[in-house]
Structures are given as C-alpha cells and as structure tokens.
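Asks: The following file, protein-v7.txt, comprises compact mmCIF, C-alpha atoms:
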```txt
# COMPACT_ATOMS: atom_id res chain seq x y z
CA MET A 29 23.31 -21.11 -10.20
CA VAL A 30 19.54 -21.41 -10.25
CA ARG A 31 17.63 -18.16 -10.81
CA ASP A 32 14.00 -17.10 -10.82
CA VAL A 33 13.13 -17.39 -14.51
CA PRO A 34 9.67 -16.81 -16.01
CA ALA A 35 7.89 -19.92 -17.25
CA SER A 36 8.07 -18.62 -20.80
CA ALA A 37 11.86 -18.87 -20.61
CA HIS A 38 11.81 -22.61 -19.83
CA GLY A 39 11.91 -24.06 -23.24
CA ASP A 40 14.20 -26.13 -25.41
CA ALA A 41 17.45 -24.14 -25.18
CA THR A 42 19.10 -26.25 -27.84
CA ALA A 43 16.34 -25.64 -30.34
CA SER A 44 16.35 -21.90 -29.75
CA THR A 45 20.13 -21.75 -30.04
CA LEU A 46 20.61 -24.02 -33.01
CA GLY A 47 17.46 -23.06 -34.89
CA ASP A 48 17.30 -20.98 -38.03
CA PRO A 49 18.43 -17.33 -37.86
CA ALA A 50 14.86 -16.03 -38.15
CA SER A 51 13.69 -17.96 -35.10
CA MET A 52 16.81 -16.89 -33.21
CA THR A 53 15.99 -13.26 -34.00
CA ARG A 54 12.42 -13.68 -32.82
CA GLU A 55 13.62 -15.37 -29.64
CA ALA A 56 16.04 -12.56 -28.90
CA GLY A 57 13.43 -9.91 -29.71
CA ALA A 58 10.87 -11.51 -27.42
CA ARG A 59 12.79 -10.13 -24.46
CA ASN A 60 13.53 -6.53 -23.72
CA ALA A 61 16.61 -5.09 -22.07
CA ALA A 62 15.35 -6.10 -18.62
CA GLY A 63 15.04 -9.73 -19.75
CA THR A 64 11.25 -9.83 -19.61
CA THR A 65 8.88 -11.19 -22.24
CA ALA A 66 5.89 -9.39 -23.70
CA PRO A 67 3.38 -11.24 -21.42
CA GLU A 68 5.48 -10.29 -18.39
CA VAL A 69 5.56 -6.65 -19.47
CA ARG A 70 1.77 -6.65 -19.73
CA PHE A 71 1.54 -8.35 -16.33
CA ALA A 72 3.80 -5.71 -14.77
CA ARG A 73 1.68 -2.90 -16.23
CA PHE A 74 -1.45 -4.51 -14.85
CA ALA A 75 0.17 -4.83 -11.40
CA TRP A 76 1.07 -1.12 -11.35
CA VAL A 77 -2.45 -0.18 -12.44
CA LEU A 78 -3.89 -2.42 -9.71
CA LEU A 79 -1.69 -0.65 -7.17
CA GLY A 80 -3.07 2.73 -8.25
CA TYR A 81 -6.61 1.38 -8.12
CA GLU A 82 -6.06 0.10 -4.58
CA VAL A 83 -4.97 3.58 -3.47
CA LEU A 84 -8.22 4.98 -4.89
CA VAL A 85 -10.28 2.31 -3.13
CA VAL A 86 -8.56 3.16 0.16
CA ALA A 87 -9.32 6.85 -0.38
CA TRP A 88 -12.97 6.07 -1.08
CA GLY A 89 -13.11 4.01 2.10
CA ALA A 90 -11.84 7.04 4.00
CA TYR A 91 -14.59 9.09 2.38
CA VAL A 92 -17.13 6.58 3.70
CA ARG A 93 -15.75 7.02 7.21
CA ALA A 94 -15.40 10.82 6.98
CA THR A 95 -19.00 11.25 5.84
CA GLY A 96 -20.39 8.83 8.43
CA SER A 97 -21.76 6.59 5.68
CA GLY A 98 -20.43 3.30 7.07
CA ALA A 99 -23.89 2.32 8.30
CA GLY A 100 -25.45 3.07 4.92
CA CYS A 101 -26.19 -0.61 4.33
CA GLY A 102 -27.29 -1.29 7.89
CA ARG A 103 -25.97 -4.29 9.76
CA HIS A 104 -25.80 -6.34 6.58
CA TRP A 105 -22.84 -7.84 4.73
CA PRO A 106 -22.29 -8.76 1.93
CA THR A 107 -25.82 -7.64 1.11
CA CYS A 108 -26.87 -4.02 1.55
CA ASN A 109 -29.90 -3.60 3.81
CA GLY A 110 -30.72 -7.22 3.01
CA GLU A 111 -30.72 -6.59 -0.75
CA ILE A 112 -28.14 -7.46 -3.40
CA LEU A 113 -28.86 -4.18 -5.19
CA PRO A 114 -30.18 -1.56 -2.76
CA ARG A 115 -33.27 0.30 -3.90
CA ALA A 116 -33.07 2.99 -1.21
CA ALA A 117 -32.02 6.36 -2.57
CA ARG A 118 -30.27 7.53 0.60
CA VAL A 119 -26.91 9.15 -0.04
CA ALA A 120 -25.20 7.20 2.75
CA THR A 121 -26.42 3.92 1.23
CA MET A 122 -25.09 4.81 -2.20
CA ILE A 123 -21.72 5.85 -0.78
CA GLU A 124 -21.31 2.66 1.24
CA PHE A 125 -22.56 0.43 -1.56
CA SER A 126 -20.26 2.04 -4.13
CA HIS A 127 -17.33 1.45 -1.79
CA ARG A 128 -18.27 -2.21 -1.55
CA LEU A 129 -18.37 -2.41 -5.33
CA SER A 130 -14.95 -0.77 -5.62
CA SER A 131 -13.58 -3.20 -3.01
CA ALA A 132 -15.01 -6.09 -5.00
CA GLY A 133 -13.19 -4.70 -8.02
CA ALA A 134 -9.93 -4.81 -6.03
CA LEU A 135 -10.59 -8.46 -5.16
CA VAL A 136 -11.25 -9.32 -8.81
CA GLY A 137 -8.06 -7.50 -9.78
CA ALA A 138 -6.06 -9.46 -7.18
CA LEU A 139 -7.50 -12.75 -8.42
CA VAL A 140 -6.61 -11.84 -12.01
CA LEU A 141 -3.10 -10.97 -10.82
CA LEU A 142 -2.76 -14.33 -9.10
CA VAL A 143 -4.09 -16.44 -11.97
CA TRP A 144 -1.98 -14.52 -14.48
CA ALA A 145 1.15 -14.99 -12.33
CA LEU A 146 0.47 -18.73 -12.05
CA ARG A 147 0.22 -18.95 -15.84
CA ILE A 148 3.39 -17.12 -16.87
CA TYR A 149 5.82 -17.66 -13.98
CA PRO A 150 7.28 -21.00 -12.81
CA ARG A 151 6.56 -22.64 -9.49
CA GLY A 152 8.33 -20.93 -6.61
CA HIS A 153 8.88 -17.65 -8.46
CA ARG A 154 8.79 -14.56 -6.25
CA VAL A 155 6.12 -12.89 -8.42
CA ARG A 156 3.82 -15.84 -7.78
CA ARG A 157 4.35 -15.48 -4.06
CA GLY A 158 3.75 -11.75 -4.22
CA ALA A 159 0.51 -12.18 -6.15
CA GLY A 160 -0.66 -14.84 -3.70
CA LEU A 161 0.05 -12.61 -0.71
CA THR A 162 -1.73 -9.69 -2.39
CA THR A 163 -4.85 -11.82 -2.88
CA ALA A 164 -4.77 -13.00 0.73
CA LEU A 165 -4.45 -9.42 2.01
CA VAL A 166 -7.37 -8.23 -0.14
CA LEU A 167 -9.48 -11.00 1.40
CA ALA A 168 -8.32 -9.88 4.85
CA GLU A 169 -9.38 -6.31 3.99
CA ALA A 170 -12.83 -7.59 3.09
CA LEU A 171 -13.14 -9.54 6.34
CA ILE A 172 -12.10 -6.54 8.46
CA GLY A 173 -14.57 -4.35 6.59
CA ALA A 174 -17.28 -6.94 7.14
CA GLY A 175 -16.46 -7.02 10.84
CA LEU A 176 -16.84 -3.25 11.11
CA VAL A 177 -20.31 -3.49 9.60
CA LEU A 178 -21.57 -6.63 11.32
CA PHE A 179 -20.44 -5.46 14.77
CA GLU A 180 -21.76 -1.95 14.05
CA LEU A 181 -18.37 -0.28 14.50
CA VAL A 182 -19.40 2.45 12.07
CA ALA A 183 -21.19 5.80 11.92
CA HIS A 184 -21.09 7.43 15.38
CA ASP A 185 -19.61 4.53 17.34
CA ALA A 186 -16.71 5.85 19.47
CA SER A 187 -15.70 2.63 21.21
CA LEU A 188 -12.13 1.50 21.83
CA LYS A 189 -13.00 -1.63 19.86
CA ARG A 190 -13.63 0.52 16.80
CA GLY A 191 -10.35 2.37 17.28
CA LEU A 192 -8.41 -0.90 17.45
CA THR A 193 -10.21 -2.30 14.41
CA VAL A 194 -9.59 0.86 12.39
CA SER A 195 -5.89 0.66 13.28
CA LEU A 196 -5.78 -3.00 12.24
CA HIS A 197 -7.55 -2.06 9.01
CA LEU A 198 -4.92 0.59 8.24
CA ILE A 199 -2.02 -1.77 8.95
CA ASN A 200 -3.51 -4.45 6.71
CA THR A 201 -4.02 -1.81 4.01
CA PHE A 202 -0.35 -0.83 4.23
CA PHE A 203 0.67 -4.49 3.93
CA LEU A 204 -1.61 -4.86 0.89
CA LEU A 205 -0.11 -1.82 -0.83
CA ALA A 206 3.39 -3.07 -0.02
CA SER A 207 2.68 -6.53 -1.42
CA THR A 208 1.18 -5.17 -4.64
CA ALA A 209 4.01 -2.64 -5.09
CA ILE A 210 6.74 -5.24 -4.61
CA THR A 211 4.96 -7.67 -6.93
CA ALA A 212 4.81 -4.97 -9.61
CA TRP A 213 8.46 -4.09 -9.02
CA TRP A 214 9.57 -7.71 -9.30
CA ALA A 215 7.49 -8.20 -12.44
CA SER A 216 9.19 -5.12 -13.90
CA GLY A 217 12.61 -6.74 -13.53
CA GLY A 218 13.43 -5.96 -9.90
CA ARG A 219 15.62 -8.57 -8.24
CA ALA A 220 14.62 -10.50 -5.12
CA MET A 221 15.48 -8.98 -1.76
CA GLN A 222 18.32 -10.48 0.26
CA LEU A 223 17.76 -9.99 3.98
CA ARG A 224 20.14 -12.57 5.46
CA GLY A 225 23.90 -12.38 5.62
CA ARG A 226 24.00 -8.63 5.06
CA ARG A 227 27.21 -6.86 6.10
CA GLY A 228 28.65 -3.39 5.96
CA ALA A 229 26.61 -0.84 4.02
CA ALA A 230 23.90 -3.36 3.20
CA SER A 231 23.48 -4.14 6.90
CA ALA A 232 23.10 -0.42 7.66
CA VAL A 233 20.42 -0.11 4.98
CA LEU A 234 18.56 -3.08 6.46
CA ILE A 235 18.61 -1.44 9.90
CA VAL A 236 17.31 1.84 8.43
CA PHE A 237 14.26 0.19 6.93
CA GLY A 238 13.84 -2.05 9.98
CA VAL A 239 13.16 1.18 11.88
CA LEU A 240 11.38 3.33 9.27
CA LEU A 241 8.79 0.83 8.08
CA PRO A 242 7.46 -0.04 11.58
CA ALA A 243 7.51 3.68 12.40
CA MET A 244 5.29 4.34 9.38
CA LEU A 245 2.89 1.66 10.60
CA VAL A 246 2.64 3.48 13.93
CA VAL A 247 2.11 6.80 12.15
CA GLY A 248 -0.57 5.30 9.95
CA ALA A 249 -2.41 3.53 12.77
CA SER A 250 -2.38 6.62 15.04
CA GLY A 251 -3.43 8.78 12.09
CA ALA A 252 -6.38 6.51 11.35
CA VAL A 253 -7.65 6.87 14.91
CA ALA A 254 -6.97 10.63 14.94
CA ALA A 255 -8.97 10.98 11.72
CA LEU A 256 -11.76 9.00 13.34
CA GLY A 257 -11.69 11.53 16.18
CA ASP A 258 -12.03 14.36 13.64
CA THR A 259 -15.15 12.68 12.28
CA LEU A 260 -16.74 11.86 15.63
CA PHE A 261 -15.87 15.07 17.47
CA PRO A 262 -15.98 17.97 14.98
CA VAL A 263 -15.25 21.49 16.19
CA PRO A 264 -16.31 24.90 14.86
CA THR A 265 -12.91 26.58 15.30
CA LEU A 266 -9.26 25.68 15.71
CA ALA A 267 -9.24 27.16 19.22
CA ALA A 268 -12.21 25.00 20.18
CA GLY A 269 -10.44 21.95 18.82
CA ILE A 270 -7.30 22.64 20.86
CA ALA A 271 -9.38 23.18 24.00
CA GLN A 272 -11.23 19.93 23.30
CA ASP A 273 -8.00 17.97 22.81
CA PHE A 274 -6.48 19.14 26.11
CA ALA A 275 -9.65 19.04 28.21
CA ALA A 276 -9.56 16.85 31.29
CA GLY A 277 -11.10 13.48 30.59
CA SER A 278 -11.02 13.96 26.81
CA HIS A 279 -11.65 10.90 24.68
CA LEU A 280 -8.67 8.73 23.66
CA PHE A 281 -9.30 9.59 20.01
CA LEU A 282 -8.87 13.27 20.86
CA ARG A 283 -5.63 12.66 22.74
CA LEU A 284 -4.25 10.97 19.66
CA ARG A 285 -5.02 14.13 17.69
CA VAL A 286 -2.29 15.72 19.81
CA ILE A 287 0.18 12.83 19.76
CA HIS A 288 -0.15 11.83 16.11
CA PRO A 289 1.30 15.05 14.60
CA MET A 290 4.40 14.76 16.78
CA ILE A 291 4.95 11.14 15.76
CA ALA A 292 4.32 11.98 12.11
CA MET A 293 6.73 14.94 11.98
CA THR A 294 9.46 12.99 13.76
CA THR A 295 9.06 10.08 11.36
CA ALA A 296 9.01 12.39 8.32
CA GLY A 297 12.25 14.00 9.46
CA ALA A 298 13.81 10.58 9.91
CA ILE A 299 12.67 9.58 6.42
CA VAL A 300 14.23 12.65 4.80
CA LEU A 301 17.57 12.11 6.56
CA SER A 302 17.57 8.33 6.09
CA MET A 303 16.80 8.49 2.40
CA GLY A 304 19.93 10.59 1.88
CA LEU A 305 21.94 7.99 3.78
CA VAL A 306 20.45 5.14 1.74
CA ARG A 307 21.31 6.92 -1.51
CA SER A 308 24.93 7.27 -0.43
CA LEU A 309 25.18 3.62 0.63
CA ARG A 310 23.29 2.15 -2.34
CA PRO A 311 23.79 4.55 -5.28
CA ALA A 312 21.78 2.54 -7.82
CA ARG A 313 19.50 4.53 -10.13
CA ALA A 314 16.26 2.93 -8.86
CA VAL A 315 17.28 3.54 -5.24
CA ARG A 316 18.05 7.17 -6.02
CA ILE A 317 14.69 7.77 -7.70
CA PHE A 318 12.54 5.94 -5.15
CA SER A 319 14.32 7.49 -2.16
CA GLN A 320 13.98 11.02 -3.52
CA VAL A 321 10.29 10.46 -4.18
CA ALA A 322 9.75 9.02 -0.69
CA ALA A 323 11.53 11.96 0.97
CA SER A 324 9.60 14.54 -1.09
CA LEU A 325 6.29 12.87 -0.30
CA ALA A 326 7.15 12.80 3.41
CA VAL A 327 7.62 16.58 3.35
CA ALA A 328 4.35 17.00 1.44
CA GLN A 329 2.62 14.74 3.96
CA VAL A 330 3.70 16.95 6.85
CA ALA A 331 2.47 20.04 4.98
CA ALA A 332 -0.87 18.35 4.34
CA GLY A 333 -1.11 17.37 8.00
CA ILE A 334 -0.56 20.96 9.09
CA GLY A 335 -3.20 22.09 6.62
CA ASP A 336 -5.53 19.41 7.95
CA VAL A 337 -5.18 20.78 11.49
CA LEU A 338 -5.48 24.44 10.54
CA THR A 339 -8.60 23.88 8.42
CA ARG A 340 -10.26 21.61 11.05
CA ALA A 341 -10.00 18.48 8.91
CA PRO A 342 -12.47 18.99 6.05
CA VAL A 343 -13.18 15.81 4.12
CA PRO A 344 -11.11 16.73 1.00
CA MET A 345 -8.07 17.52 3.15
CA GLN A 346 -8.47 14.23 5.02
CA LEU A 347 -8.42 12.36 1.72
CA VAL A 348 -5.31 14.20 0.51
CA HIS A 349 -3.62 13.48 3.83
CA LEU A 350 -4.43 9.77 3.60
CA VAL A 351 -3.38 9.37 -0.05
CA LEU A 352 -0.05 11.05 0.69
CA ALA A 353 0.48 8.67 3.61
CA ASP A 354 -0.18 5.73 1.28
CA LEU A 355 2.27 7.11 -1.28
CA VAL A 356 4.99 7.72 1.33
CA TRP A 357 4.59 4.11 2.45
CA ILE A 358 4.76 2.81 -1.13
CA GLY A 359 7.83 4.95 -1.80
CA LEU A 360 9.60 3.55 1.27
CA VAL A 361 8.70 -0.03 0.37
CA LEU A 362 9.99 0.34 -3.20
CA THR A 363 13.17 2.02 -1.96
CA ALA A 364 13.71 -0.90 0.41
CA ALA A 365 13.03 -3.43 -2.35
CA ALA A 366 15.58 -1.78 -4.65
CA ALA A 367 18.20 -1.11 -1.97
CA LEU A 368 18.03 -4.60 -0.48
CA ALA A 369 17.97 -6.44 -3.81
CA GLU A 370 20.36 -9.29 -4.43
CA PRO A 371 23.54 -8.27 -6.26
CA ALA A 372 23.38 -8.61 -10.03
CA GLU A 373 24.82 -11.86 -11.31
CA SER A 374 28.12 -11.73 -13.08
CA PRO A 375 28.29 -13.05 -16.67
CA SER A 376 30.21 -16.08 -15.46
CA ALA A 377 27.26 -17.08 -13.30
CA GLU A 378 24.87 -17.20 -16.23
```
Please go through the file and, once you have read it, give me the structure as structure tokens.

Replies:
Amino acid sequence: MVRDVPASAHGDATASTLGDPASMTREAGARNAAGTTAPEVRFARFAWVLLGYEVLVVAWGAYVRATGSGAGCGRHWPTCNGEILPRAARVATMIEFSHRLSSAGALVGALVLLVWALRIYPRGHRVRRGAGLTTALVLAEALIGAGLVLFELVAHDASLKRGLTVSLHLINTFFLLASTAITAWWASGGRAMQLRGRRGAASAVLIVFGVLLPAMLVVGASGAVAALGDTLFPVPTLAAGIAQDFAAGSHLFLRLRVIHPMIAMTTAGAIVLSMGLVRSLRPARAVRIFSQVAASLAVAQVAAGIGDVLTRAPVPMQLVHLVLADLVWIGLVLTAAAALAEPAESPSAE
C-alpha cells in the first residue's frame, strides 16, 4: 500500500536497515512518535504560527473597515497615494498602509510555506497541496482587497456591490484559514481525509459537517455585511438602533443586522449539539479536543454577539466578535479533518 511519506523518508532502506548500529539509532531517533522528522516538525510549527498570524491580519483588516480607513491610500494599489512609502501623516493612511504591510507579510509567509513544503515533502503529498492552496488563497485575498480600493468600495460607500464584495472577502478568508489549518494539521501527523465511500457513523459525520461548514459561511458572510452596517449607520442608543433596523425602507445592511443574530444563534446551537454527536461517533482524542473547543467557542461567539448589540458595536467588540468567528471556523475545520481522517493502517499494511 502506497502512503504519503515525507521526502526525507525516501532513502536507501537497505542501507538504513543493514547499516551500523549507530546509524540505525540515529535513523530511528530522527523521527518522533508521530513519524515525523525534525524538518517536518519545524515546518508544522511554522504553519501553526502562520495560521495565528493570518487571524491577526484579518482582525487588523476589520479594524481598517471599522475605523473607515479603507480609503487612507486613496484609489491607489499597490502604491499608497501614488507613493511606495507614504509621507502623509494622516491616521487613516497609516492604518491602511500598515494593513497592506501585514497582508504582504501573510503572502511572504504563504510563499515560504509552499517552498518549504516542496523541499521536504514528495510530489503529490497532501501537505504540498495544502501549502499550494494556501498561497493561492492569499493571492485571492490580495486581489479582492485591491478591488475594494480600486473601485472605491471603501470608507462611506454603502452600495450593494460593496456588500457582495465584503461577503466574498469573508468567504475567501474562511477558506484561507481552513487551508492553512488543515496544512498545519497534516504536517503535525494528521492523516488525509477520506470523503468517498463513507458508511455508517462516518457517513453521519460527513453529513454533519456538510451542513455546519456551509452554515458557518452564511453566518460569516451575513455578519460581515451586518458589521459594515454598524460602521456606516452608527446609532447613539440601542433603542435608536432597533428603530433604525425596523424602519420602513431601511437599508439592506440594516436588515441584516436583524437577521444575522438569528442565523448565528441557530448555527451556534447546532454546533454545540453536533459536536457532542461527532464525539460519540468518532471518539478519537483529537476529535474530542477539537470538538469541545469548537463548541465552547461557539457559545463564546454568541455571548460576544449579544455584547456587540448591547454596546452598539464599538470597534474593540467588533474585533473580538470577528476573531471568535474565525476561531469557531478553524475549530470546526480541524474537527472535520480529524473526524473524517482515513483509518490508521494496520501493521500488516506497512
């Protein structure tokens, strides 16, 4: 049976087996209990760090939107107000430019991930594919961000086009976080996912995530537009906000401020219940840990959403709300990756 094996494991098996005892000891010690080599361990750590960095970049992007700083560099991309290094001291310019720098850092990190994966994993390995997809999604993030700037879908623009683009941006961000998380998980020893030919309990788990993950995309996209409504249509009091949301002829973004909480709470309840079901069907340790984290974060996300509404969406609360949404998504993706993993090979299959 052919397995995904890191490039460093493709050597002369006879030499490593029949060599002197010292070399045999070094060969055995080069791999840890998960069967990964030292370079792969370092790669996995880098992938997890990159995932954390991406979450921070996403949060900073939300800060750009919440503070209305998206037009800080004018209608210019990739330059800022026509300059490589902006000399203007405006706060909005510094906020937007710093976000562009952080996004460039994410692109560099993705390229390092890809090149590193190509060096230490063999052709066709799932980690290679994951790193390649991560790089492609970072590039897509950059193009969507460029489109927002070049078409002036920033600052106080309240067009439907901006709402659709913001939703697309959020969905691409979720895909990016998912790709990076799964790549890190695979590099840490996680087995490939098996989606075809599932029966019984495994089939039920597949259905669960086939519903939950798209539901989270809907929650995220509607939340992105609702947050945009908070930025564009601020209110002095909670009562004024409620009146604004239900006023005849209110803007679409304001209507989503009403609909989004209902979708989010329903999805969070489904996550909590479904994670218990997944744990009972797939009682592996990784599944148990990831599912418990995902369920706990879903509850925290609802609490943050309620706080966001009651406090009239101040910028810090918006950032907390978004980061929790990202973490719930990552928790679900990792739970799915662990629960849908291929069965471990028996010794006879080695």

Asks: Considering all atoms listed in the file, can you say which of A:Gly173, A:Leu282, A:His104, A:Ala323 comes closest to Thr259 of chain A?

Replies: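 For Thr259 of chain A, the nearest of the given residues is A:Leu282.
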
Asks: Find the residue from A:Leu176, A:Val315, A:Ala322, A:Leu181 that sits nearest to Trp105 of chain A; use only C-alpha atoms when measuring.

Replies: A:Leu176

Asks: Please list as an mmCIF file with C-alpha atoms, in the coordinates of the input every residue within 9 Å of segment 286-302 of chain A, counting all atoms listed in the file and excluding residues in the same chain fewer than 2 positions away.

Replies:
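Output (result-v6.cif):
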```
data_model
loop_
_atom_site.group_PDB
_atom_site.id
_atom_site.type_symbol
_atom_site.label_atom_id
_atom_site.label_comp_id
_atom_site.auth_asym_id
_atom_site.auth_seq_id
_atom_site.Cartn_x
_atom_site.Cartn_y
_atom_site.Cartn_z
ATOM 1 C CA VAL A 233 20.420 -0.110 4.980
ATOM 2 C CA VAL A 236 17.310 1.840 8.430
ATOM 3 C CA PHE A 237 14.260 0.190 6.930
ATOM 4 C CA LEU A 240 11.380 3.330 9.270
ATOM 5 C CA ALA A 243 7.510 3.680 12.400
ATOM 6 C CA MET A 244 5.290 4.340 9.380
ATOM 7 C CA VAL A 246 2.640 3.480 13.930
ATOM 8 C CA VAL A 247 2.110 6.800 12.150
ATOM 9 C CA GLY A 248 -0.570 5.300 9.950
ATOM 10 C CA SER A 250 -2.380 6.620 15.040
ATOM 11 C CA GLY A 251 -3.430 8.780 12.090
ATOM 12 C CA ALA A 254 -6.970 10.630 14.940
ATOM 13 C CA ILE A 270 -7.300 22.640 20.860
ATOM 14 C CA ASP A 273 -8.000 17.970 22.810
ATOM 15 C CA PHE A 274 -6.480 19.140 26.110
ATOM 16 C CA LEU A 282 -8.870 13.270 20.860
ATOM 17 C CA ARG A 283 -5.630 12.660 22.740
ATOM 18 C CA LEU A 284 -4.250 10.970 19.660
ATOM 19 C CA GLY A 304 19.930 10.590 1.880
ATOM 20 C CA LEU A 305 21.940 7.990 3.780
ATOM 21 C CA VAL A 306 20.450 5.140 1.740
ATOM 22 C CA ARG A 307 21.310 6.920 -1.510
ATOM 23 C CA SER A 319 14.320 7.490 -2.160
ATOM 24 C CA GLN A 320 13.980 11.020 -3.520
ATOM 25 C CA ALA A 322 9.750 9.020 -0.690
ATOM 26 C CA ALA A 323 11.530 11.960 0.970
ATOM 27 C CA SER A 324 9.600 14.540 -1.090
ATOM 28 C CA ALA A 326 7.150 12.800 3.410
ATOM 29 C CA VAL A 327 7.620 16.580 3.350
ATOM 30 C CA GLN A 329 2.620 14.740 3.960
ATOM 31 C CA VAL A 330 3.700 16.950 6.850
ATOM 32 C CA GLY A 333 -1.110 17.370 8.000
ATOM 33 C CA ILE A 334 -0.560 20.960 9.090
ATOM 34 C CA LEU A 360 9.600 3.550 1.270
#
```

Asks: Please list, as a JSON list (two decimals) with C-alpha atoms, keeping the file's coordinate frame, the residues that have an atom at most 12 Å away from (-3.6, 20.8, 7.2) in the coordinates of this file, counting all atoms listed in the file.

Replies:
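New file result_10.json:
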```json
[["chain", "number", "residue", "atom", "x", "y", "z"],
["A", 266, "LEU", "CA", -9.26, 25.68, 15.71],
["A", 289, "PRO", "CA", 1.30, 15.05, 14.60],
["A", 328, "ALA", "CA", 4.35, 17.00, 1.44],
["A", 329, "GLN", "CA", 2.62, 14.74, 3.96],
["A", 330, "VAL", "CA", 3.70, 16.95, 6.85],
["A", 331, "ALA", "CA", 2.47, 20.04, 4.98],
["A", 332, "ALA", "CA", -0.87, 18.35, 4.34],
["A", 333, "GLY", "CA", -1.11, 17.37, 8.00],
["A", 334, "ILE", "CA", -0.56, 20.96, 9.09],
["A", 335, "GLY", "CA", -3.20, 22.09, 6.62],
["A", 336, "ASP", "CA", -5.53, 19.41, 7.95],
["A", 337, "VAL", "CA", -5.18, 20.78, 11.49],
["A", 338, "LEU", "CA", -5.48, 24.44, 10.54],
["A", 339, "THR", "CA", -8.60, 23.88, 8.42],
["A", 340, "ARG", "CA", -10.26, 21.61, 11.05],
["A", 341, "ALA", "CA", -10.00, 18.48, 8.91],
["A", 342, "PRO", "CA", -12.47, 18.99, 6.05],
["A", 343, "VAL", "CA", -13.18, 15.81, 4.12],
["A", 344, "PRO", "CA", -11.11, 16.73, 1.00],
["A", 345, "MET", "CA", -8.07, 17.52, 3.15],
["A", 346, "GLN", "CA", -8.47, 14.23, 5.02],
["A", 347, "LEU", "CA", -8.42, 12.36, 1.72],
["A", 348, "VAL", "CA", -5.31, 14.20, 0.51],
["A", 349, "HIS", "CA", -3.62, 13.48, 3.83],
["A", 350, "LEU", "CA", -4.43, 9.77, 3.60]]
```

Asks: Which segment 242-268 of chain A residues have any atom within 9 Å of an atom of segment 76-99 of chain A, and for each, what is the nearest pair of atoms with distance in Å to one decimal, counting all atoms listed in the file, rows sorted by chain and number, as a tab-separated table?

Replies:
```
residue	atom	partner	partner_atom	distance
A:Ala255	CA	A:Ala94	CA	8.0
A:Leu256	CA	A:Ala94	CA	7.6
A:Asp258	CA	A:Ala94	CA	8.3
A:Thr259	CA	A:Ala94	CA	5.6
A:Leu260	CA	A:Gly96	CA	8.6
```

Asks: Might you pull out every residue within 12 Å of Lys189 of chain A, with all atoms listed in the file counted and same-chain residues fewer than 3 positions away left off, and present them as a list in words?

Replies: Gly175, Leu176, Phe179, Glu180, Leu181, Val182, Asp185, Ala186, Leu192, Thr193, Val194, Ser195, Leu196, Val253, Leu280 and Phe281 of chain A

Asks: Could you jot down the atom CA of Leu205 of chain A to atom CA of Leu129 of chain A separation for me, Å, one decimal place?

Replies: 18.8 Å

Asks: Mind checking which residues fall within 12 Å of Leu167 of chain A, counting only C-alpha atoms, ignoring those fewer than 6 positions away in the same chain, and posting them as a count of residues only?

Replies: 17

Asks: Have a look at atom CA of Gly359 of chain A and atom CA of Leu325 of chain A and let me know their distance in Å, one decimal.

Replies: 8.2 Å

Asks: Could you jot down the atom CA of Pro262 of chain A to atom CA of Val351 of chain A separation for me, Å, one decimal place?

Replies: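 According to the coordinates, atom CA of Pro262 of chain A and atom CA of Val351 of chain A are separated by 21.4 Å.
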
Asks: Enclose segment 143-160 of chain A, meaning all of its atoms listed in the file, in a box aligned along x, y and z, pad it by 4 Å on each side, and list the centre and edge lengths in Å to one decimal, as AutoDock Vina command-line options.

Replies:
```
--center_x 2.4 --center_y -17.2 --center_z -10.3 --size_x 21.0 --size_y 18.9 --size_z 21.2
```

Asks: Give me, as an MDAnalysis selection string, all polymer residues having an atom no more than 8 Å from segment 206-211 of chain A, counting all atoms listed in the file and skipping those fewer than 5 positions away in the same chain.

Replies: chainID A and resid 75:76 78:79 154:155 158:159 161:162 357:358 361:362 365
